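Asks: Provided below: input28.txt, containing compact mmCIF, C-alpha atoms and all ligand atoms.
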# COMPACT_ATOMS: atom_id res chain seq x y z
CA MET B 1 -7.63 -3.72 -27.47
CA SER B 2 -4.84 -3.88 -24.87
CA LYS B 3 -4.06 -0.80 -22.78
CA PRO B 4 -0.87 1.19 -23.44
CA PHE B 5 1.69 0.64 -20.71
CA ASN B 6 1.50 4.22 -19.42
CA SER B 7 -2.31 4.31 -19.00
CA PRO B 8 -3.70 4.67 -15.45
CA GLU B 9 -5.59 1.37 -15.82
CA ARG B 10 -2.41 -0.41 -16.76
CA ALA B 11 -0.52 1.24 -13.87
CA SER B 12 -3.08 0.13 -11.30
CA LYS B 13 -2.95 -3.45 -12.59
CA ILE B 14 0.84 -3.51 -12.36
CA SER B 15 0.81 -2.33 -8.73
CA ALA B 16 -1.99 -4.76 -7.67
CA PRO B 17 -2.61 -6.16 -5.12
CA TYR B 18 -3.11 -3.25 -2.71
CA LYS B 19 -0.74 -4.07 0.16
CA VAL B 20 -1.59 -3.38 3.80
CA LEU B 21 0.65 -3.87 6.85
CA CYS B 22 -0.87 -4.10 10.37
CA VAL B 23 1.57 -2.92 13.06
CA CYS B 24 1.56 -3.20 16.87
CA LEU B 25 4.39 -3.35 19.45
CA GLY B 26 5.28 -7.05 19.63
CA ASN B 27 3.61 -8.54 16.52
CA ILE B 28 2.39 -11.47 18.63
CA CYS B 29 -1.07 -10.32 19.87
CA ARG B 30 -2.91 -7.47 18.12
CA SER B 31 -1.38 -7.15 14.65
CA PRO B 32 -1.41 -10.90 13.81
CA THR B 33 -5.09 -10.98 14.83
CA ALA B 34 -5.75 -7.87 12.72
CA GLU B 35 -3.86 -9.40 9.77
CA VAL B 36 -5.97 -12.55 9.66
CA ILE B 37 -9.32 -10.82 10.25
CA LEU B 38 -8.67 -8.02 7.74
CA GLN B 39 -7.38 -10.49 5.13
CA GLN B 40 -10.43 -12.70 5.54
CA GLN B 41 -12.89 -9.79 5.28
CA ALA B 42 -11.12 -8.37 2.20
CA LEU B 43 -11.14 -11.79 0.51
CA ARG B 44 -14.82 -12.29 1.30
CA ALA B 45 -15.56 -8.88 -0.24
CA GLY B 46 -13.69 -9.95 -3.38
CA LEU B 47 -10.99 -7.29 -2.99
CA ASP B 48 -7.45 -7.79 -4.31
CA ILE B 49 -5.78 -6.85 -1.04
CA GLN B 50 -2.77 -8.52 0.57
CA VAL B 51 -2.33 -8.14 4.34
CA ASP B 52 0.81 -8.67 6.43
CA SER B 53 1.83 -7.63 9.97
CA ALA B 54 4.89 -6.46 11.91
CA GLY B 55 5.94 -5.00 15.26
CA THR B 56 7.66 -1.71 16.06
CA SER B 57 9.84 -3.69 18.53
CA ASN B 58 12.03 -6.71 17.91
CA TYR B 59 10.98 -8.39 21.20
CA HIS B 60 9.78 -11.67 19.65
CA PRO B 61 11.58 -12.29 16.33
CA ASN B 62 10.21 -15.24 14.36
CA LYS B 63 7.86 -16.26 17.22
CA THR B 64 4.37 -17.62 16.65
CA PRO B 65 1.50 -15.45 17.96
CA ASP B 66 0.92 -15.48 21.74
CA SER B 67 -0.86 -18.72 22.74
CA ARG B 68 -3.71 -16.71 24.32
CA SER B 69 -4.24 -14.77 21.08
CA GLN B 70 -4.22 -18.03 19.13
CA ARG B 71 -6.72 -19.66 21.51
CA HIS B 72 -9.18 -16.75 21.46
CA ALA B 73 -8.85 -16.37 17.69
CA GLN B 74 -9.44 -20.11 17.19
CA ALA B 75 -12.64 -19.91 19.24
CA HIS B 76 -13.90 -17.32 16.70
CA GLY B 77 -12.78 -19.40 13.69
CA TYR B 78 -9.48 -17.63 12.94
CA ASP B 79 -6.18 -19.52 12.54
CA LEU B 80 -3.04 -17.54 13.49
CA SER B 81 -0.68 -20.52 13.71
CA HIS B 82 1.13 -19.92 10.39
CA LEU B 83 2.26 -16.40 11.34
CA ARG B 84 5.76 -15.44 12.57
CA ALA B 85 6.72 -12.15 14.23
CA ARG B 86 9.01 -9.66 12.57
CA GLN B 87 10.05 -6.05 13.12
CA LEU B 88 8.86 -3.14 10.99
CA GLN B 89 11.68 -2.09 8.62
CA LEU B 90 12.42 0.90 6.38
CA ALA B 91 11.72 -1.14 3.21
CA ASP B 92 8.11 -1.62 4.39
CA PHE B 93 7.41 2.06 3.62
CA GLN B 94 8.28 1.35 -0.01
CA ASP B 95 6.71 -2.11 -0.24
CA PHE B 96 3.28 -1.35 1.29
CA ASP B 97 0.49 1.01 0.24
CA LEU B 98 -0.98 1.41 3.72
CA ILE B 99 0.42 0.85 7.23
CA LEU B 100 -2.19 0.52 9.98
CA ALA B 101 -1.21 1.32 13.57
CA MET B 102 -3.03 -0.58 16.29
CA ASP B 103 -2.66 2.25 18.86
CA HIS B 104 -1.43 5.83 19.09
CA ASP B 105 2.04 4.88 20.42
CA ASN B 106 2.46 2.52 17.45
CA TYR B 107 1.32 5.37 15.16
CA ALA B 108 3.96 7.77 16.56
CA ASP B 109 6.70 5.10 16.35
CA ILE B 110 5.75 4.29 12.74
CA LEU B 111 5.91 7.99 11.76
CA ARG B 112 9.35 8.32 13.42
CA LEU B 113 10.68 5.43 11.31
CA LYS B 114 8.91 6.73 8.19
CA ALA B 115 10.88 10.00 8.52
CA GLN B 116 14.08 7.96 8.01
CA ALA B 117 12.89 6.19 4.85
CA ASP B 118 14.19 7.36 1.44
CA GLN B 119 11.38 5.76 -0.59
CA VAL B 120 7.86 6.08 0.81
CA ASN B 121 4.72 4.77 -0.86
CA ALA B 122 2.82 3.92 2.30
CA LYS B 123 0.18 6.04 3.96
CA VAL B 124 -0.04 5.60 7.74
CA ALA B 125 -3.39 5.44 9.56
CA LEU B 126 -5.00 4.05 12.69
CA MET B 127 -6.63 0.62 12.41
CA SER B 128 -9.76 2.25 13.88
CA ALA B 129 -9.71 5.27 11.50
CA HIS B 130 -13.11 4.53 9.89
CA ASP B 131 -14.63 2.48 12.73
CA ALA B 132 -17.95 3.92 13.95
CA ILE B 133 -18.02 1.66 17.05
CA TYR B 134 -14.41 2.39 18.19
CA PRO B 135 -13.80 5.71 16.38
CA LYS B 136 -10.05 6.45 16.22
CA GLN B 137 -9.66 4.51 19.48
CA ALA B 138 -6.57 2.51 20.41
CA LEU B 139 -6.76 -1.26 20.09
CA PRO B 140 -5.84 -1.93 23.75
CA ASP B 141 -2.72 -4.03 24.35
CA PRO B 142 -3.95 -7.34 25.89
CA TYR B 143 -0.48 -8.71 26.76
CA TYR B 144 -0.48 -8.06 30.52
CA GLY B 145 -4.25 -8.47 31.00
CA GLY B 146 -6.94 -11.14 31.10
CA ALA B 147 -9.24 -12.95 28.70
CA ASP B 148 -11.53 -9.96 28.16
CA GLY B 149 -8.64 -8.05 26.58
CA PHE B 150 -8.12 -10.76 23.97
CA GLU B 151 -11.85 -10.85 23.22
CA ARG B 152 -11.85 -7.06 22.84
CA VAL B 153 -9.00 -7.35 20.29
CA ILE B 154 -11.09 -9.72 18.16
CA ALA B 155 -14.28 -7.63 18.39
CA GLN B 156 -12.46 -4.40 17.55
CA CYS B 157 -10.44 -5.97 14.71
CA GLU B 158 -13.70 -7.28 13.18
CA SER B 159 -15.37 -3.89 13.46
CA SER B 160 -12.37 -1.89 12.16
CA SER B 161 -11.74 -4.35 9.32
CA ALA B 162 -15.36 -4.09 8.15
CA ALA B 163 -15.00 -0.30 8.15
CA TRP B 164 -11.79 -0.45 6.05
CA VAL B 165 -13.41 -2.84 3.55
CA LYS B 166 -16.36 -0.47 3.19
CA TYR B 167 -13.96 2.46 2.74
CA TRP B 168 -11.89 0.64 0.07
CA GLN B 169 -15.07 -0.29 -1.78
CA SER B 170 -16.17 3.36 -1.73
CA GLN B 171 -12.77 4.43 -3.12
CA GLY B 172 -12.46 1.69 -5.75
CA ILE B 173 -9.33 0.33 -4.00
CA GLY B 174 -8.48 -3.35 -4.43
P1 LIG Z 1 1.24 -6.80 20.83
O1 LIG Z 1 1.33 -7.15 22.40
O2 LIG Z 1 1.95 -5.47 20.65
O3 LIG Z 1 -0.23 -6.69 20.61
O4 LIG Z 1 1.91 -7.94 20.09
C1 LIG Z 1 2.54 -7.18 23.11
C2 LIG Z 1 3.36 -8.29 23.02
C3 LIG Z 1 4.53 -8.35 23.74
C4 LIG Z 1 4.90 -7.29 24.55
C5 LIG Z 1 4.09 -6.17 24.63
C6 LIG Z 1 2.91 -6.12 23.90
N1 LIG Z 1 6.09 -7.38 25.32
O5 LIG Z 1 6.37 -6.43 26.09
O6 LIG Z 1 6.86 -8.34 25.18
How does this structure look as structure tokens?
Replies:
Amino acid sequence: MSKPFNSPERASKISAPYKVLCVCLGNICRSPTAEVILQQQALRAGLDIQVDSAGTSNYHPNKTPDSRSQRHAQAHGYDLSHLRARQLQLADFQDFDLILAMDHDNYADILRLKAQADQVNAKVALMSAHDAIYPKQALPDPYYGGADGFERVIAQCESSSAAWVKYWQSQGIG
């Protein structure tokens, strides 16, 4: 028998997939890497989760991810080439269920913008919130550094993504 339209089961189906937005400063290094890794891990776990990314700044509108990020990601089997940078906007707080900040400055900037939004569905959390290896740590900005910074971004995104997938499975999300 089909569910009535106002049942909780029906409501959760209507709002599926669970939508997650990864946010850093420029949307060309950390958050595109996080987007692809988190999306891949969620898909592999069979979760109905849709991942996007954005930047708190508008420094690189419509740009492809930083060539160093793309190169390091490629070496680990991740393709970032289809992504284009965009700035976080007020509508994102209505459109997404969860906004993940890559570092604590991003987190504070996201909360400042959230305070201006009329419609808010999104919770805001750190990318590393459930990560036992990098607990509540910032995902360090690799932009002005060397190769080890880009490798750290990939390792930490993999670890934090696995922790989010485990958390969503424990909560029946996605
Ligand atoms: P992201 O890295 O926030 O991880 O994308 C940065 C990219 C660009 C700049 C800073 C950080 N920038 O100053 O242009």
Asks: Determine the nearest neighbour of Ala42 of chain B from the options B:Arg30, B:Arg86, B:His76, B:Lys19, counting all atoms listed in the file.
Replies: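 Ranking B:Arg30, B:Arg86, B:His76, B:Lys19 by distance to Ala42 of chain B, first place goes to B:Lys19.
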Asks: Which residue is closest to Pro140 of chain B? Choose from B:Asp97, B:Asp103, B:Glu158, B:Asp92 and count only C-alpha atoms.
Replies: B:Asp103
Asks: So which one's closest to Leu21 of chain B, B:Ile110, B:Leu43, B:Leu80, B:Ala75? Using only C-alpha atoms, please.
Replies: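 The shortest atom-to-atom distance to Leu21 of chain B comes from B:Ile110.
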Asks: Put a box with edges along x, y and z around all the listed atoms of ligand LIG 1 (chain Z), pad it by 5 Å on each side, then give me its centre and sizes in Å, one decimal, as AutoDock Vina command-line options.
Replies:
--center_x 3.3 --center_y -6.9 --center_z 23.1 --size_x 17.1 --size_y 12.9 --size_z 16.0
Asks: Enumerate residues in contact with ligand LIG 1 (chain Z): an atom-to-atom distance of at most 6 Å, counting only C-alpha atoms and all ligand atoms. Format the result as number ranges by chain.
Replies: B: 24-30, 59, 141, 143
Asks: Contacts of Ser160 of chain B at 9 Å or less, counting only C-alpha atoms, minus same-chain residues fewer than 2 places along, as a ChimeraX atom specification?
Replies: /B:34,38,127-135,155-158,162-165
Asks: Quick one: pull the distance between atom CA of Tyr18 of chain B and atom CA of Asp48 of chain B, Å, one decimal.
Replies: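 Taking atom CA of Tyr18 of chain B and atom CA of Asp48 of chain B, their separation equals 6.5 Å.
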Asks: So that I can check the surroundings of Gln116 of chain B, please list as JSON, numbers by chain every protein, DNA and RNA residue that reaches within 12 Å of it, counting only C-alpha atoms and ignoring chain neighbours fewer than 3 positions away.
Replies: {"B": [89, 90, 91, 92, 93, 94, 109, 110, 111, 112, 113, 119, 120]}
Asks: Here is a test: counting all atoms listed in the file, which residue of B:Leu139, B:Ala117, B:Val36, B:Ala147 is nearest to Ser67 of chain B?
Replies: B:Ala147
Asks: Which residues are close to Ser81 of chain B, i.e. within 8 Å by all atoms listed in the file, leaving aside same-chain residues fewer than 2 positions away? Reply as a PDB file with C-alpha atoms, in the coordinates of the input.
Replies:
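The file below, part30.pdb, is the result:
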ATOM      1  CA  THR B  64       4.370 -17.620  16.650  1.00  0.00           C
ATOM      2  CA  PRO B  65       1.500 -15.450  17.960  1.00  0.00           C
ATOM      3  CA  GLN B  70      -4.220 -18.030  19.130  1.00  0.00           C
ATOM      4  CA  ASP B  79      -6.180 -19.520  12.540  1.00  0.00           C
ATOM      5  CA  LEU B  83       2.260 -16.400  11.340  1.00  0.00           C
TER       6      LEU B  83
END
Asks: What is the atom CA of Gln40 of chain B to atom CA of Ala138 of chain B distance in Å?
Replies: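 Atom-to-atom, atom CA of Gln40 of chain B and atom CA of Ala138 of chain B are spaced 21.6 Å apart.
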Asks: Using only C-alpha atoms, which of the listed residues (B:Ser170, B:Asn106, B:Ser53, B:Gln87) sits closest to Thr33 of chain B?
Replies: B:Ser53
Asks: Find the residue from B:His72, B:Gln171, B:Ser161, B:Ala16 that sits nearest to Gln50 of chain B; use all atoms listed in the file when measuring.
Replies: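 Nearest candidate to Gln50 of chain B out of B:His72, B:Gln171, B:Ser161, B:Ala16: B:Ala16.
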Asks: Go ahead and compute the interatomic distance for atom CA of Asp148 of chain B and atom CA of Gln74 of chain B, in Å to one decimal.
Replies: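 Separation between atom CA of Asp148 of chain B and atom CA of Gln74 of chain B: 15.1 Å.
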Asks: Please fill the gaps in segment 99-110 of chain B so it has all heavy atoms, and write that as a PDB file, in the coordinates of the input.
Replies:
ATOM      1  N   ILE B  99      -0.033   1.435   5.959  1.00  0.00           N
ATOM      2  CA  ILE B  99       0.420   0.850   7.230  1.00  0.00           C
ATOM      3  C   ILE B  99      -0.577   1.262   8.303  1.00  0.00           C
ATOM      4  O   ILE B  99      -0.838   2.465   8.489  1.00  0.00           O
ATOM      5  CB  ILE B  99       1.858   1.295   7.556  1.00  0.00           C
ATOM      6  CG1 ILE B  99       2.813   0.775   6.470  1.00  0.00           C
ATOM      7  CG2 ILE B  99       2.275   0.784   8.946  1.00  0.00           C
ATOM      8  CD1 ILE B  99       4.284   1.123   6.675  1.00  0.00           C
ATOM      9  N   LEU B 100      -1.147   0.273   8.983  1.00  0.00           N
ATOM     10  CA  LEU B 100      -2.190   0.520   9.980  1.00  0.00           C
ATOM     11  C   LEU B 100      -1.653   0.311  11.388  1.00  0.00           C
ATOM     12  O   LEU B 100      -1.221  -0.800  11.739  1.00  0.00           O
ATOM     13  CB  LEU B 100      -3.376  -0.426   9.735  1.00  0.00           C
ATOM     14  CG  LEU B 100      -4.136  -0.202   8.427  1.00  0.00           C
ATOM     15  CD1 LEU B 100      -5.264  -1.228   8.289  1.00  0.00           C
ATOM     16  CD2 LEU B 100      -4.698   1.225   8.372  1.00  0.00           C
ATOM     17  N   ALA B 101      -1.677   1.366  12.187  1.00  0.00           N
ATOM     18  CA  ALA B 101      -1.210   1.320  13.570  1.00  0.00           C
ATOM     19  C   ALA B 101      -2.333   0.851  14.479  1.00  0.00           C
ATOM     20  O   ALA B 101      -3.463   1.340  14.380  1.00  0.00           O
ATOM     21  CB  ALA B 101      -0.740   2.707  13.996  1.00  0.00           C
ATOM     22  N   MET B 102      -2.008  -0.065  15.386  1.00  0.00           N
ATOM     23  CA  MET B 102      -3.030  -0.580  16.290  1.00  0.00           C
ATOM     24  C   MET B 102      -3.356   0.412  17.412  1.00  0.00           C
ATOM     25  O   MET B 102      -4.483   0.437  17.897  1.00  0.00           O
ATOM     26  CB  MET B 102      -2.599  -1.932  16.892  1.00  0.00           C
ATOM     27  CG  MET B 102      -2.375  -3.025  15.861  1.00  0.00           C
ATOM     28  SD  MET B 102      -3.805  -3.438  14.843  1.00  0.00           S
ATOM     29  CE  MET B 102      -3.255  -2.859  13.238  1.00  0.00           C
ATOM     30  N   ASP B 103      -2.362   1.216  17.858  1.00  0.00           N
ATOM     31  CA  ASP B 103      -2.660   2.250  18.860  1.00  0.00           C
ATOM     32  C   ASP B 103      -1.857   3.506  18.551  1.00  0.00           C
ATOM     33  O   ASP B 103      -1.089   3.556  17.584  1.00  0.00           O
ATOM     34  CB  ASP B 103      -2.468   1.740  20.295  1.00  0.00           C
ATOM     35  CG  ASP B 103      -1.003   1.459  20.656  1.00  0.00           C
ATOM     36  OD1 ASP B 103      -0.089   2.056  20.052  1.00  0.00           O
ATOM     37  OD2 ASP B 103      -0.784   0.645  21.582  1.00  0.00           O
ATOM     38  N   HIS B 104      -2.028   4.521  19.375  1.00  0.00           N
ATOM     39  CA  HIS B 104      -1.430   5.830  19.090  1.00  0.00           C
ATOM     40  C   HIS B 104       0.087   5.830  19.304  1.00  0.00           C
ATOM     41  O   HIS B 104       0.806   6.561  18.612  1.00  0.00           O
ATOM     42  CB  HIS B 104      -2.126   6.911  19.915  1.00  0.00           C
ATOM     43  CG  HIS B 104      -3.603   6.993  19.633  1.00  0.00           C
ATOM     44  ND1 HIS B 104      -4.519   6.142  20.214  1.00  0.00           N
ATOM     45  CD2 HIS B 104      -4.304   7.780  18.800  1.00  0.00           C
ATOM     46  CE1 HIS B 104      -5.731   6.421  19.761  1.00  0.00           C
ATOM     47  NE2 HIS B 104      -5.630   7.410  18.905  1.00  0.00           N
ATOM     48  N   ASP B 105       0.577   5.012  20.250  1.00  0.00           N
ATOM     49  CA  ASP B 105       2.040   4.880  20.420  1.00  0.00           C
ATOM     50  C   ASP B 105       2.650   4.229  19.171  1.00  0.00           C
ATOM     51  O   ASP B 105       3.689   4.666  18.674  1.00  0.00           O
ATOM     52  CB  ASP B 105       2.388   4.025  21.642  1.00  0.00           C
ATOM     53  CG  ASP B 105       2.124   4.754  22.948  1.00  0.00           C
ATOM     54  OD1 ASP B 105       1.988   5.995  22.926  1.00  0.00           O
ATOM     55  OD2 ASP B 105       2.044   4.071  23.988  1.00  0.00           O
ATOM     56  N   ASN B 106       2.002   3.175  18.684  1.00  0.00           N
ATOM     57  CA  ASN B 106       2.460   2.520  17.450  1.00  0.00           C
ATOM     58  C   ASN B 106       2.489   3.540  16.313  1.00  0.00           C
ATOM     59  O   ASN B 106       3.446   3.602  15.534  1.00  0.00           O
ATOM     60  CB  ASN B 106       1.545   1.366  17.027  1.00  0.00           C
ATOM     61  CG  ASN B 106       1.320   0.298  18.078  1.00  0.00           C
ATOM     62  OD1 ASN B 106       0.259  -0.303  18.137  1.00  0.00           O
ATOM     63  ND2 ASN B 106       2.315   0.059  18.939  1.00  0.00           N
ATOM     64  N   TYR B 107       1.441   4.359  16.229  1.00  0.00           N
ATOM     65  CA  TYR B 107       1.320   5.370  15.160  1.00  0.00           C
ATOM     66  C   TYR B 107       2.507   6.337  15.207  1.00  0.00           C
ATOM     67  O   TYR B 107       3.150   6.604  14.176  1.00  0.00           O
ATOM     68  CB  TYR B 107      -0.002   6.117  15.340  1.00  0.00           C
ATOM     69  CG  TYR B 107      -0.335   7.101  14.253  1.00  0.00           C
ATOM     70  CD1 TYR B 107      -0.924   6.673  13.061  1.00  0.00           C
ATOM     71  CD2 TYR B 107      -0.081   8.456  14.406  1.00  0.00           C
ATOM     72  CE1 TYR B 107      -1.237   7.577  12.056  1.00  0.00           C
ATOM     73  CE2 TYR B 107      -0.388   9.366  13.410  1.00  0.00           C
ATOM     74  CZ  TYR B 107      -0.968   8.919  12.239  1.00  0.00           C
ATOM     75  OH  TYR B 107      -1.270   9.820  11.236  1.00  0.00           O
ATOM     76  N   ALA B 108       2.831   6.821  16.419  1.00  0.00           N
ATOM     77  CA  ALA B 108       3.960   7.770  16.560  1.00  0.00           C
ATOM     78  C   ALA B 108       5.280   7.086  16.207  1.00  0.00           C
ATOM     79  O   ALA B 108       6.140   7.687  15.534  1.00  0.00           O
ATOM     80  CB  ALA B 108       3.995   8.316  17.986  1.00  0.00           C
ATOM     81  N   ASP B 109       5.453   5.842  16.646  1.00  0.00           N
ATOM     82  CA  ASP B 109       6.700   5.100  16.350  1.00  0.00           C
ATOM     83  C   ASP B 109       6.839   4.842  14.847  1.00  0.00           C
ATOM     84  O   ASP B 109       7.944   4.925  14.297  1.00  0.00           O
ATOM     85  CB  ASP B 109       6.726   3.772  17.119  1.00  0.00           C
ATOM     86  CG  ASP B 109       6.914   3.970  18.620  1.00  0.00           C
ATOM     87  OD1 ASP B 109       7.398   5.045  19.024  1.00  0.00           O
ATOM     88  OD2 ASP B 109       6.557   3.044  19.378  1.00  0.00           O
ATOM     89  N   ILE B 110       5.726   4.537  14.194  1.00  0.00           N
ATOM     90  CA  ILE B 110       5.750   4.290  12.740  1.00  0.00           C
ATOM     91  C   ILE B 110       6.148   5.581  12.009  1.00  0.00           C
ATOM     92  O   ILE B 110       6.984   5.558  11.100  1.00  0.00           O
ATOM     93  CB  ILE B 110       4.369   3.785  12.248  1.00  0.00           C
ATOM     94  CG1 ILE B 110       4.072   2.403  12.834  1.00  0.00           C
ATOM     95  CG2 ILE B 110       4.318   3.755  10.723  1.00  0.00           C
ATOM     96  CD1 ILE B 110       2.598   1.987  12.731  1.00  0.00           C
TER      97      ILE B 110
END
